[in-house]
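One structure below.
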Amino acid sequence: MGQKELLTEAVRLATESVENGWGGPFGAVITHNGDIIARGQNRVLLTGDPTAHAEVETIRKAVQVLNPEAPSISVEHENESTLEYVPRPEGSPDPLPERARMLQGCSIYISGAPCPMCMSAIYWSRMDAVYYSCDLDDTARIGFDDTFQYEDFKRPLDQRRIKVEQIYPELGAHAYAAWTNREEKHPY
């Protein structure tokens with residue numbers, strides 16, 4: 001499939017979301033080796049889940065496709081990981097020599113430019129490319145304006161719209177120490 005066809009499918013999913021009253025006009029597809037491996041659409045209104053954006057929904061589905069052997073979370077699987085390692089890309093500032101593959105080798109096609117949450121999820125998944133149709137200004141014009149978030153992230157913590165405050169760092173230090181001291185870490 002070509003890029004136009006892939007973006008057309010993302011827009012079809014976005015339109016379907018609107019027509020069904022599931023959420024905003026956002027749809028996405030993720031490709032691997034040129035094939036669609038996952039489709040998703042905004043389902044915020046359907047689920048009441050503010051993270052049910054098209055990109056996040058599609059990432060979750062792509063992970064299931066590429067990692068079908070992932071165990072469910074349970075005590076019997078507490079020390080397992082099915083994510084293969086890949087070497088650090090040349091020129092990367094990452095201090096670790098390798099990390100879990102995640103969605104490297106994949107691209108995402110989206111009806112609109114990703115919001116900050118979705119862009120973060122895309123970065124964490126380490127996809128190779130993002131392609132979108134409508135830009136942030138187009139998205140703001142229809143009532144989905146994320147400008148305040150981008151601006152708020154630049155402010156010091158004590159000046160943000162939502163109260164952000166570090167408390168009891170010694171408590172969190174226990175979990176961080178558990179990670180630091182674990183011999184069999186699986187960096188991701």
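Every chain in the structure tokens takes a letter, A first, then B, and so on in the order presented; its residues are numbered from 1, and the ligands are numbered from 1 following the presented order.
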
| request: Might you pull out every residue within 7 Å of stretch 57-72 of chain A, with only C-alpha atoms counted and same-chain residues fewer than 4 positions away left off, and present them as a list in words? | output: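 After dropping sequence-adjacent residues, the list is Ala28, Val29, Ile30, Ile37, Ala38, Arg39, Gly40, Gln41, Ala52, His53, His77 and Thr82 of chain A.
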
Env of A:Cys106: 6 Å cut, atoms = only C-alpha atoms, seq-sep filter 5 positions within chain, self excluded. Answer as a VMD selection string.
chain A and resid 31 to 32 127 to 128

Resulting file, chosen residues, N, CA and C atoms, as a tab-separated table (two decimals), in the first residue's frame:
```tsv
chain	number	residue	atom	x	y	z
A	31	THR	N	2.00	0.40	10.37
A	31	THR	CA	2.51	-0.52	9.36
A	31	THR	C	3.83	-1.12	9.80
A	32	HIS	N	4.07	-2.33	9.31
A	32	HIS	CA	5.34	-3.02	9.50
A	32	HIS	C	5.65	-3.71	8.18
A	127	MET	N	8.84	4.01	17.22
A	127	MET	CA	8.50	3.82	15.80
A	127	MET	C	9.47	4.62	14.94
A	128	ASP	N	9.56	4.23	13.69
A	128	ASP	CA	10.49	4.87	12.77
A	128	ASP	C	9.97	6.18	12.19
```

In stretch 41-164 of chain A, DSSP strand (DSSP E or B) residues written as a ChimeraX atom specification
/A:41,85-87,98-100,106-112,129-134

Please return, as a PyMOL selection string, all residues of chain A that DSSP assigns to helix (DSSP H, G or I) on the basis of the backbone.
chain A and resi 3-20+44-47+54-66+75-77+116-125+136-141+147-154+157-159+169-181

Judged by only C-alpha atoms, the minimum distance to A:Ile142 among A:Gly27, A:Pro169, A:Pro97, A:Gly112 is found for A:Gly112

*What is the distance between atom CA of A:Ile110 and atom CA of A:Leu6, in Å to one decimal?*
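Taking atom CA of A:Ile110 as the start and atom CA of A:Leu6 as the end point, the length is 8.9 Å.
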
Using only C-alpha atoms, which residues sit within 12 Å of A:Ile162 once same-chain residues fewer than 2 positions away are excluded, as a compact mmCIF listing (two decimals) with N, CA and C atoms, in the first residue's frame?
```txt
# COMPACT_ATOMS: atom_id res chain seq x y z
N PHE A 148 -2.03 24.69 24.89
CA PHE A 148 -1.78 24.98 26.31
C PHE A 148 -0.90 23.91 26.95
N GLN A 149 -1.02 22.66 26.48
CA GLN A 149 -0.17 21.61 27.05
C GLN A 149 1.29 21.80 26.65
N ASP A 152 2.49 24.62 28.70
CA ASP A 152 2.58 24.30 30.12
C ASP A 152 3.81 23.44 30.42
N PHE A 153 4.14 22.52 29.52
CA PHE A 153 5.31 21.66 29.73
C PHE A 153 6.61 22.45 29.84
N ARG A 155 6.94 25.32 31.35
CA ARG A 155 6.97 26.09 32.60
C ARG A 155 7.61 25.27 33.73
N PRO A 156 8.18 25.97 34.72
CA PRO A 156 8.65 25.26 35.92
C PRO A 156 7.46 24.56 36.59
N LEU A 157 7.72 23.47 37.29
CA LEU A 157 6.65 22.68 37.89
C LEU A 157 5.70 23.52 38.75
N ASP A 158 6.25 24.46 39.50
CA ASP A 158 5.40 25.24 40.41
C ASP A 158 4.56 26.30 39.69
N GLN A 159 4.69 26.41 38.36
CA GLN A 159 3.91 27.38 37.61
C GLN A 159 2.93 26.72 36.62
N ARG A 160 2.76 25.42 36.74
CA ARG A 160 1.89 24.71 35.80
C ARG A 160 0.43 24.79 36.21
N VAL A 164 1.83 20.18 40.47
CA VAL A 164 2.83 19.12 40.31
C VAL A 164 3.86 19.34 41.41
N GLU A 165 3.97 18.37 42.30
CA GLU A 165 4.84 18.54 43.47
C GLU A 165 5.46 17.21 43.86
```

In terms of only C-alpha atoms, the residue from A:Ala54, A:Val130, A:Ala113, A:Cys118 at minimal distance from A:Gly23 is A:Ala54

A straight line from atom CA of A:His186 to atom CA of A:Thr51 spans 25.8 Å

task: Might you pull out every residue within 12 Å of A:Glu5, with only C-alpha atoms counted and same-chain residues fewer than 5 positions away left off, and present them as a PyMOL selection string?
output: chain A and resi 10-12+29+31+34-36+109-110

Mind writing the picked residues with N, CA, C and O atoms as a JSON list (two decimals), in the first residue's frame?
```json
[["chain", "number", "residue", "atom", "x", "y", "z"],
["A", 10, "ALA", "N", -6.63, 5.62, 7.61],
["A", 10, "ALA", "CA", -6.68, 6.32, 8.89],
["A", 10, "ALA", "C", -7.84, 7.32, 8.93],
["A", 10, "ALA", "O", -8.56, 7.41, 9.94],
["A", 11, "VAL", "N", -8.05, 8.02, 7.84],
["A", 11, "VAL", "CA", -9.15, 8.99, 7.76],
["A", 11, "VAL", "C", -10.50, 8.27, 7.76],
["A", 11, "VAL", "O", -11.47, 8.73, 8.38],
["A", 12, "ARG", "N", -10.59, 7.13, 7.12],
["A", 12, "ARG", "CA", -11.83, 6.34, 7.14],
["A", 12, "ARG", "C", -12.18, 5.95, 8.58],
["A", 12, "ARG", "O", -13.32, 6.08, 9.03],
["A", 29, "VAL", "N", -3.34, 4.01, 11.63],
["A", 29, "VAL", "CA", -2.90, 2.66, 11.26],
["A", 29, "VAL", "C", -1.39, 2.60, 11.50],
["A", 29, "VAL", "O", -0.68, 3.58, 11.33],
["A", 31, "THR", "N", 2.00, 0.40, 10.37],
["A", 31, "THR", "CA", 2.51, -0.52, 9.36],
["A", 31, "THR", "C", 3.83, -1.12, 9.80],
["A", 31, "THR", "O", 4.60, -0.52, 10.55],
["A", 34, "GLY", "N", 5.55, -2.46, 5.36],
["A", 34, "GLY", "CA", 4.60, -1.99, 4.37],
["A", 34, "GLY", "C", 3.17, -2.48, 4.53],
["A", 34, "GLY", "O", 2.29, -2.07, 3.78],
["A", 35, "ASP", "N", 2.93, -3.39, 5.48],
["A", 35, "ASP", "CA", 1.59, -3.93, 5.70],
["A", 35, "ASP", "C", 0.97, -3.32, 6.95],
["A", 35, "ASP", "O", 1.66, -3.10, 7.95],
["A", 36, "ILE", "N", -0.34, -3.11, 6.91],
["A", 36, "ILE", "CA", -1.05, -2.64, 8.11],
["A", 36, "ILE", "C", -1.10, -3.79, 9.11],
["A", 36, "ILE", "O", -1.58, -4.89, 8.78],
["A", 109, "TYR", "N", 0.37, 6.14, 10.61],
["A", 109, "TYR", "CA", -0.33, 7.09, 9.75],
["A", 109, "TYR", "C", -1.57, 7.53, 10.52],
["A", 109, "TYR", "O", -2.36, 6.69, 10.98],
["A", 110, "ILE", "N", -1.76, 8.86, 10.65],
["A", 110, "ILE", "CA", -2.79, 9.40, 11.53],
["A", 110, "ILE", "C", -3.58, 10.49, 10.79],
["A", 110, "ILE", "O", -3.01, 11.27, 10.03]]
```

Two-atom distance - atom CA of A:Ser133, atom CA of A:Leu13 (Å) |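 Going from atom CA of A:Ser133 over to atom CA of A:Leu13, I get 13.2 Å.
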
Shortest contact to A:Met117, candidates A:Gly143, A:Pro95, A:Pro87, A:Pro50, atoms counted only C-alpha atoms, goes to A:Pro50

| Do you know which residues are at most 12 Å from A:Tyr188 counting only C-alpha atoms, after dropping those on the same chain fewer than 2 positions away, and could you put them as a list in words? |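 So, after excluding close chain neighbours, the residues are Ser81, Thr82, Leu83, Glu84, Tyr85, Val86, Pro87, Arg88, Asp94, Leu96, Pro97, Glu98, Arg99, Ala100, Arg101, Met102, Leu103, Gln104, Tyr123, Trp124, Ser125, Arg126, Lys185 and His186 of chain A.
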